[in-house]
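What follows is a set of notes on a single structure, which appears directly below.
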Amino acid sequence: MAPGCDRVDLAHDIPPGDIRWGAILLERLVRLMPRDSVTVAVVDPGVGTNRHAAAVELEWGKVIVGPDNGLLGLAAARHAATRAVSVTPGNASPNSVSDTFHGRDVFAPAGCRIVTGTPLEQIGPAFDPAELIQPQQPGAVARPGTLEAVVVGVDRFGNLALWAGPEDLMATGLADGTRVWVASAEGGRSQATVGRTFADVPRGALLAYVDSHGLVSVALNGGSAEERVRATTGEVIALMRQE
């Protein structure tokens with residue numbers, strides 16, 4: 001449907017059904033896309049149900065297309081969504097629509113039509129972008145000497161990304177070089193150091209740092225923090241100053 005367009009495969013390593021991590025990655029990656037691009041995102045465990053399909057225009061004319069199940073909400077909120085439409089399957093694709101493969105039959109065709117010039121209003125009826133569902137993101141709890149936050153993602157190295165930013169870490173007073181405990185429900189307590197780079201700790205030691213996308217994270221130099229801390233996506237861990 002769009003043979004002359006450049007196609008960029010942004011990510012295929014999101015855990016199946018993990019809408020929250022998909023929303024975080026989409027918000028990160030759409031920043032990198034050029035003006036007037038269309039990004040199709042599909043993490044859709046509710047495919048075939050009454051959840052809406054949406055196309056949302058962001059700043060710089062960028063458009064994101066996908067299920068309105070929380071996947072699109074974070075990017076829409078942080079990248080100045082200007083308008084949104086509910087994708088009508090018959091308007092998006094000339095072919096029949098499977099009940100269980102809307103990535104192929106609804107979202108990708110809608111993206112192709114938009115990027116080749118079809119106005120959003122011809123894709124489906126408009127609705128207020130503020131109505132887009134937001135991913136469930138429990139807020140971090142920051143107090144002097146302690147940060148508690150949910151693990152929202154684990155990368156292939158086993159680094160644990162927390163739903164907390166540098167402002168949360170600053171509020172705790174845990175500056176670079178501070179020794180902390182990393183505590184989880186299953187793993188007990190492990191020693192770590194707050195720092196900026198992996199080289200700030202010896203090989204085999206834990207590091208608490210702000211990752212390249214602005215999330216407080218926990219890494220193990222030369223290994224997997226997920227295995228050391230024994231915590232994974234959806235669990236709350238705490239960073240606590242060692243007294």
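Each chain of the structure tokens is named A, B, ... in the order shown, its residues numbered from 1; ligands are numbered from 1 in display order.
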Self-check item: Residues flagged alpha helix (DSSP H) by DSSP in region 61-93 of chain A, as number ranges by chain
Solution: A: 73-78, 89-92
Per residue of region 109-157 of chain A within 10 Å of region 3-10 of chain A, which atom pair is closest and at what distance in Å (one decimal), using only C-alpha atoms, listed by chain and increasing number, as CSV?
```
residue,atom,partner,partner_atom,distance
A:Cys112,CA,A:Cys5,CA,8.9
A:Val115,CA,A:Cys5,CA,8.1
A:Thr116,CA,A:Cys5,CA,8.3
```
Could you please take those selected residues and save N, CA and C atoms as a PDB file, in the first residue's frame?
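Output below, filename part04.pdb:
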```pdb
ATOM      1  N   CYS A 112      -0.398   3.078   6.468  1.00  0.00           N
ATOM      2  CA  CYS A 112      -0.052   3.264   5.059  1.00  0.00           C
ATOM      3  C   CYS A 112      -0.912   4.345   4.413  1.00  0.00           C
ATOM      4  N   VAL A 115       0.276   7.847   5.750  1.00  0.00           N
ATOM      5  CA  VAL A 115       1.585   8.300   5.288  1.00  0.00           C
ATOM      6  C   VAL A 115       1.588   8.599   3.796  1.00  0.00           C
ATOM      7  N   THR A 116       0.634   8.047   3.054  1.00  0.00           N
ATOM      8  CA  THR A 116       0.549   8.351   1.625  1.00  0.00           C
ATOM      9  C   THR A 116      -0.460   9.452   1.324  1.00  0.00           C
TER      10      THR A 116
END
```
Practice problem: Would you list the contacts of region 34-51 of chain A as a ChimeraX atom specification, taking every protein, DNA or RNA residue within 6 Å and counting only C-alpha atoms, but skipping same-chain residues closer than 6 positions in sequence? | Solution: /A:17,19,60-66,99-100
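For region 140-147 of chain A, the list of residues within 9 Å, based on only C-alpha atoms and with local chain neighbours fewer than 3 positions off taken out, reads Val150, Leu162, Trp163, Ala164, Gly165, Asp168, Leu169, Met170, Ala171, Thr172, Gly173, Leu174, Val180, Ile237, Ala238, Leu239, Met240, Arg241 and Gln242 of chain A.
Interatomic distance, CA of Asp176 (chain A) against CA of His213 (chain A): 18.2 Å.
Here CA of Glu226 (chain A) is placed at a distance of 5.1 Å from CA of Gly158 (chain A).
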Quiz item: Neighbours of Glu235 (chain A) within 6 Å (only C-alpha atoms; same-chain residues fewer than 2 positions away dropped), as number ranges by chain?
Solution: A: 150-151, 232-233
Output N, CA and C atoms of each residue in that selection to a file, as a PDB file, in the first residue's frame.
```pdb
ATOM      1  N   VAL A 150       8.161   1.061  40.998  1.00  0.00           N
ATOM      2  CA  VAL A 150       7.841  -0.195  40.319  1.00  0.00           C
ATOM      3  C   VAL A 150       8.815  -0.408  39.161  1.00  0.00           C
ATOM      4  N   VAL A 151       9.182  -1.666  38.936  1.00  0.00           N
ATOM      5  CA  VAL A 151       9.993  -2.041  37.779  1.00  0.00           C
ATOM      6  C   VAL A 151       9.077  -2.061  36.553  1.00  0.00           C
ATOM      7  N   THR A 232      11.410  -8.398  38.982  1.00  0.00           N
ATOM      8  CA  THR A 232      11.142  -8.268  37.557  1.00  0.00           C
ATOM      9  C   THR A 232       9.985  -7.312  37.344  1.00  0.00           C
ATOM     10  N   THR A 233       9.541  -7.196  36.112  1.00  0.00           N
ATOM     11  CA  THR A 233       8.524  -6.227  35.734  1.00  0.00           C
ATOM     12  C   THR A 233       7.281  -6.343  36.615  1.00  0.00           C
TER      13      THR A 233
END
```
Practice problem: Just the residues within 12 Å of Pro119 (chain A), please, counting only C-alpha atoms, with nothing from its chain fewer than 6 positions along; format it as a PyMOL selection string. | Solution: chain A and resi 55-57+61+63+83-85+91-92+110-113+125-126
Selection above as a file: all heavy atoms, as an mmCIF file, in the first residue's frame:
```cif
data_model
loop_
_atom_site.group_PDB
_atom_site.id
_atom_site.type_symbol
_atom_site.label_atom_id
_atom_site.label_comp_id
_atom_site.auth_asym_id
_atom_site.auth_seq_id
_atom_site.Cartn_x
_atom_site.Cartn_y
_atom_site.Cartn_z
ATOM 1 N N ALA A 55 -5.767 6.556 15.680
ATOM 2 C CA ALA A 55 -4.663 7.250 15.012
ATOM 3 C C ALA A 55 -4.590 8.635 15.631
ATOM 4 O O ALA A 55 -5.605 9.334 15.718
ATOM 5 C CB ALA A 55 -4.899 7.331 13.512
ATOM 6 N N VAL A 56 -3.398 9.024 16.089
ATOM 7 C CA VAL A 56 -3.239 10.248 16.870
ATOM 8 C C VAL A 56 -2.144 11.102 16.249
ATOM 9 O O VAL A 56 -1.026 10.619 16.025
ATOM 10 C CB VAL A 56 -2.863 9.919 18.335
ATOM 11 C CG1 VAL A 56 -2.809 11.183 19.168
ATOM 12 C CG2 VAL A 56 -3.841 8.916 18.931
ATOM 13 N N GLU A 57 -2.466 12.347 15.981
ATOM 14 C CA GLU A 57 -1.467 13.271 15.450
ATOM 15 C C GLU A 57 -0.770 13.984 16.605
ATOM 16 O O GLU A 57 -1.415 14.538 17.495
ATOM 17 C CB GLU A 57 -2.116 14.301 14.534
ATOM 18 C CG GLU A 57 -1.093 15.213 13.846
ATOM 19 C CD GLU A 57 -1.734 16.179 12.877
ATOM 20 O OE1 GLU A 57 -2.473 17.078 13.345
ATOM 21 O OE2 GLU A 57 -1.520 16.022 11.660
ATOM 22 N N GLY A 61 3.606 16.996 13.167
ATOM 23 C CA GLY A 61 2.886 16.208 12.184
ATOM 24 C C GLY A 61 3.086 14.716 12.284
ATOM 25 O O GLY A 61 2.621 13.956 11.433
ATOM 26 N N VAL A 63 2.405 10.962 13.457
ATOM 27 C CA VAL A 63 1.172 10.238 13.776
ATOM 28 C C VAL A 63 1.544 8.884 14.364
ATOM 29 O O VAL A 63 2.479 8.225 13.895
ATOM 30 C CB VAL A 63 0.297 10.050 12.523
ATOM 31 C CG1 VAL A 63 -0.924 9.185 12.831
ATOM 32 C CG2 VAL A 63 -0.148 11.408 11.969
ATOM 33 N N ARG A 83 -4.855 15.998 17.669
ATOM 34 C CA ARG A 83 -6.142 15.417 17.288
ATOM 35 C C ARG A 83 -6.019 13.906 17.235
ATOM 36 O O ARG A 83 -4.914 13.362 17.143
ATOM 37 C CB ARG A 83 -6.638 15.970 15.951
ATOM 38 C CG ARG A 83 -5.678 15.828 14.794
ATOM 39 C CD ARG A 83 -6.223 16.506 13.548
ATOM 40 N NE ARG A 83 -5.282 16.429 12.439
ATOM 41 C CZ ARG A 83 -5.629 16.267 11.173
ATOM 42 N NH1 ARG A 83 -6.923 16.163 10.850
ATOM 43 N NH2 ARG A 83 -4.726 16.222 10.223
ATOM 44 N N ALA A 84 -7.165 13.252 17.299
ATOM 45 C CA ALA A 84 -7.198 11.795 17.284
ATOM 46 C C ALA A 84 -8.463 11.334 16.576
ATOM 47 O O ALA A 84 -9.493 12.011 16.616
ATOM 48 C CB ALA A 84 -7.158 11.234 18.706
ATOM 49 N N VAL A 85 -8.374 10.178 15.921
ATOM 50 C CA VAL A 85 -9.551 9.577 15.298
ATOM 51 C C VAL A 85 -9.614 8.112 15.685
ATOM 52 O O VAL A 85 -8.595 7.467 15.960
ATOM 53 C CB VAL A 85 -9.537 9.702 13.757
ATOM 54 C CG1 VAL A 85 -9.505 11.176 13.334
ATOM 55 C CG2 VAL A 85 -8.376 8.941 13.140
ATOM 56 N N ASN A 91 -12.436 1.715 6.570
ATOM 57 C CA ASN A 91 -11.748 2.864 5.988
ATOM 58 C C ASN A 91 -10.249 2.646 5.908
ATOM 59 O O ASN A 91 -9.562 3.287 5.113
ATOM 60 C CB ASN A 91 -12.012 4.126 6.818
ATOM 61 C CG ASN A 91 -13.444 4.594 6.721
ATOM 62 O OD1 ASN A 91 -14.221 4.091 5.914
ATOM 63 N ND2 ASN A 91 -13.815 5.570 7.547
ATOM 64 N N ALA A 92 -9.742 1.771 6.759
ATOM 65 C CA ALA A 92 -8.299 1.580 6.832
ATOM 66 C C ALA A 92 -7.796 0.571 5.817
ATOM 67 O O ALA A 92 -6.740 0.732 5.228
ATOM 68 C CB ALA A 92 -7.899 1.134 8.238
ATOM 69 N N ALA A 110 -3.955 1.345 8.049
ATOM 70 C CA ALA A 110 -4.264 2.730 8.407
ATOM 71 C C ALA A 110 -3.004 3.584 8.337
ATOM 72 O O ALA A 110 -3.020 4.711 7.816
ATOM 73 C CB ALA A 110 -4.864 2.792 9.804
ATOM 74 N N GLY A 111 -1.884 3.061 8.854
ATOM 75 C CA GLY A 111 -0.630 3.788 8.777
ATOM 76 C C GLY A 111 -0.219 4.071 7.347
ATOM 77 O O GLY A 111 0.242 5.175 7.020
ATOM 78 N N CYS A 112 -0.398 3.078 6.468
ATOM 79 C CA CYS A 112 -0.052 3.264 5.059
ATOM 80 C C CYS A 112 -0.912 4.345 4.413
ATOM 81 O O CYS A 112 -0.414 5.179 3.653
ATOM 82 C CB CYS A 112 -0.226 1.949 4.302
ATOM 83 S SG CYS A 112 1.022 0.705 4.684
ATOM 84 N N ARG A 113 -2.184 4.339 4.706
ATOM 85 C CA ARG A 113 -3.060 5.337 4.099
ATOM 86 C C ARG A 113 -2.691 6.737 4.565
ATOM 87 O O ARG A 113 -2.668 7.682 3.779
ATOM 88 C CB ARG A 113 -4.521 5.047 4.442
ATOM 89 C CG ARG A 113 -5.086 3.790 3.780
ATOM 90 C CD ARG A 113 -6.601 3.808 3.744
ATOM 91 N NE ARG A 113 -7.089 4.910 2.911
ATOM 92 C CZ ARG A 113 -8.334 5.364 2.938
ATOM 93 N NH1 ARG A 113 -9.215 4.833 3.774
ATOM 94 N NH2 ARG A 113 -8.702 6.347 2.149
ATOM 95 N N PRO A 125 -13.924 8.606 12.796
ATOM 96 C CA PRO A 125 -14.467 9.766 13.508
ATOM 97 C C PRO A 125 -13.498 10.319 14.547
ATOM 98 O O PRO A 125 -12.756 9.566 15.187
ATOM 99 C CB PRO A 125 -15.726 9.210 14.170
ATOM 100 C CG PRO A 125 -15.492 7.739 14.271
ATOM 101 C CD PRO A 125 -14.666 7.363 13.089
ATOM 102 N N ALA A 126 -13.532 11.632 14.704
ATOM 103 C CA ALA A 126 -12.619 12.303 15.631
ATOM 104 C C ALA A 126 -13.068 12.139 17.077
ATOM 105 O O ALA A 126 -14.255 11.975 17.370
ATOM 106 C CB ALA A 126 -12.524 13.783 15.279
#
```
Exercise. Excluding region 214-218 of chain A and residues on its chain fewer than 2 positions from it, collect all residues at most 7 Å away from it, counting only C-alpha atoms, and give them as a PyMOL selection string.
Key: chain A and resi 159-166+206-212+225
Okay, now the selection with all heavy atoms, as a compact mmCIF listing (two decimals), in the first residue's frame?
```txt
# COMPACT_ATOMS: atom_id res chain seq x y z
N ASN A 159 19.06 -5.28 33.04
CA ASN A 159 18.95 -4.01 33.76
C ASN A 159 17.50 -3.73 34.10
O ASN A 159 16.61 -3.92 33.26
CB ASN A 159 19.51 -2.87 32.92
CG ASN A 159 20.96 -3.05 32.56
OD1 ASN A 159 21.72 -3.66 33.30
ND2 ASN A 159 21.36 -2.54 31.40
N LEU A 160 17.24 -3.27 35.30
CA LEU A 160 15.89 -3.00 35.78
C LEU A 160 15.58 -1.51 35.66
O LEU A 160 16.23 -0.68 36.31
CB LEU A 160 15.76 -3.42 37.25
CG LEU A 160 16.09 -4.87 37.60
CD1 LEU A 160 16.09 -5.06 39.11
CD2 LEU A 160 15.11 -5.82 36.95
N ALA A 161 14.61 -1.16 34.83
CA ALA A 161 14.19 0.24 34.68
C ALA A 161 13.01 0.50 35.59
O ALA A 161 12.02 -0.23 35.57
CB ALA A 161 13.81 0.52 33.23
N LEU A 162 13.11 1.55 36.41
CA LEU A 162 12.07 1.89 37.38
C LEU A 162 11.24 3.06 36.88
O LEU A 162 11.73 3.92 36.13
CB LEU A 162 12.69 2.25 38.73
CG LEU A 162 13.75 1.30 39.29
CD1 LEU A 162 14.20 1.79 40.67
CD2 LEU A 162 13.23 -0.11 39.36
N TRP A 163 9.98 3.12 37.33
CA TRP A 163 9.13 4.25 36.97
C TRP A 163 9.44 5.40 37.93
O TRP A 163 8.67 5.76 38.80
CB TRP A 163 7.67 3.88 36.99
CG TRP A 163 6.78 4.94 36.39
CD1 TRP A 163 5.77 5.60 37.00
CD2 TRP A 163 6.85 5.46 35.06
NE1 TRP A 163 5.20 6.51 36.14
CE2 TRP A 163 5.84 6.44 34.94
CE3 TRP A 163 7.67 5.20 33.95
CZ2 TRP A 163 5.63 7.16 33.76
CZ3 TRP A 163 7.45 5.92 32.78
CH2 TRP A 163 6.44 6.87 32.70
N ALA A 164 10.63 5.96 37.75
CA ALA A 164 11.11 7.09 38.54
C ALA A 164 12.13 7.82 37.70
O ALA A 164 12.85 7.21 36.89
CB ALA A 164 11.74 6.61 39.85
N GLY A 165 12.20 9.15 37.87
CA GLY A 165 13.11 9.95 37.09
C GLY A 165 14.18 10.59 37.95
O GLY A 165 14.23 10.40 39.17
N PRO A 166 15.08 11.36 37.32
CA PRO A 166 16.16 12.00 38.08
C PRO A 166 15.67 12.93 39.16
O PRO A 166 16.32 13.08 40.20
CB PRO A 166 16.95 12.75 37.00
CG PRO A 166 16.05 12.83 35.81
CD PRO A 166 15.16 11.65 35.88
N LEU A 206 26.52 -3.91 41.89
CA LEU A 206 25.29 -3.26 41.44
C LEU A 206 25.46 -1.75 41.39
O LEU A 206 26.12 -1.15 42.25
CB LEU A 206 24.13 -3.60 42.39
CG LEU A 206 23.51 -4.99 42.28
CD1 LEU A 206 22.55 -5.22 43.45
CD2 LEU A 206 22.77 -5.18 40.95
N LEU A 207 24.80 -1.16 40.40
CA LEU A 207 24.81 0.28 40.20
C LEU A 207 23.38 0.79 40.11
O LEU A 207 22.56 0.21 39.39
CB LEU A 207 25.55 0.62 38.90
CG LEU A 207 25.47 2.08 38.42
CD1 LEU A 207 26.36 2.96 39.28
CD2 LEU A 207 25.88 2.18 36.94
N ALA A 208 23.06 1.87 40.82
CA ALA A 208 21.80 2.60 40.64
C ALA A 208 22.13 3.88 39.89
O ALA A 208 23.00 4.64 40.32
CB ALA A 208 21.17 2.91 41.99
N TYR A 209 21.45 4.11 38.77
CA TYR A 209 21.82 5.21 37.89
C TYR A 209 20.60 5.68 37.11
O TYR A 209 19.53 5.05 37.16
CB TYR A 209 22.92 4.77 36.92
CG TYR A 209 22.44 3.75 35.89
CD1 TYR A 209 22.30 4.10 34.55
CD2 TYR A 209 22.13 2.44 36.26
CE1 TYR A 209 21.87 3.18 33.61
CE2 TYR A 209 21.70 1.51 35.34
CZ TYR A 209 21.55 1.88 34.00
OH TYR A 209 21.10 0.97 33.08
N VAL A 210 20.74 6.79 36.40
CA VAL A 210 19.69 7.26 35.50
C VAL A 210 20.07 6.83 34.09
O VAL A 210 21.15 7.18 33.59
CB VAL A 210 19.52 8.79 35.58
CG1 VAL A 210 18.47 9.27 34.58
CG2 VAL A 210 19.13 9.21 36.99
N ASP A 211 19.20 6.05 33.44
CA ASP A 211 19.56 5.49 32.13
C ASP A 211 19.46 6.53 31.02
O ASP A 211 19.13 7.70 31.25
CB ASP A 211 18.74 4.23 31.83
CG ASP A 211 17.27 4.51 31.49
OD1 ASP A 211 16.89 5.68 31.28
OD2 ASP A 211 16.50 3.54 31.41
N SER A 212 19.74 6.11 29.81
CA SER A 212 19.83 7.04 28.68
C SER A 212 18.49 7.65 28.30
O SER A 212 18.44 8.59 27.51
CB SER A 212 20.42 6.32 27.46
OG SER A 212 19.62 5.22 27.08
N ALA A 225 21.11 -7.64 36.72
CA ALA A 225 20.52 -7.15 37.96
C ALA A 225 19.21 -7.87 38.26
O ALA A 225 18.86 -8.07 39.43
CB ALA A 225 20.28 -5.64 37.87
```
Exercise. Could you tell me how far CA of Ala81 (chain A) lies from CA of Gly103 (chain A), in Å and to one decimal?
Key: 22.0 Å
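The residue that comes closest to Gly124 (chain A), out of A:Arg20, A:Arg156, A:Arg179, A:His52 and on the basis of only C-alpha atoms, is A:His52.
For the residues A:Val106, A:Leu26, A:Leu32, A:Ala54, ranking by smallest atom-to-atom distance to His12 (chain A) using only C-alpha atoms places A:Leu26 first.
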Quiz prompt | strand (DSSP E or B) per DSSP on the backbone: members of region 14-236 of chain A, as a PyMOL selection string | solution = chain A and resi 38-40+53-57+63-67+83-86+126-127+141-143+146-154+160-162+179-184+188-194+206-210+216-220+223+236
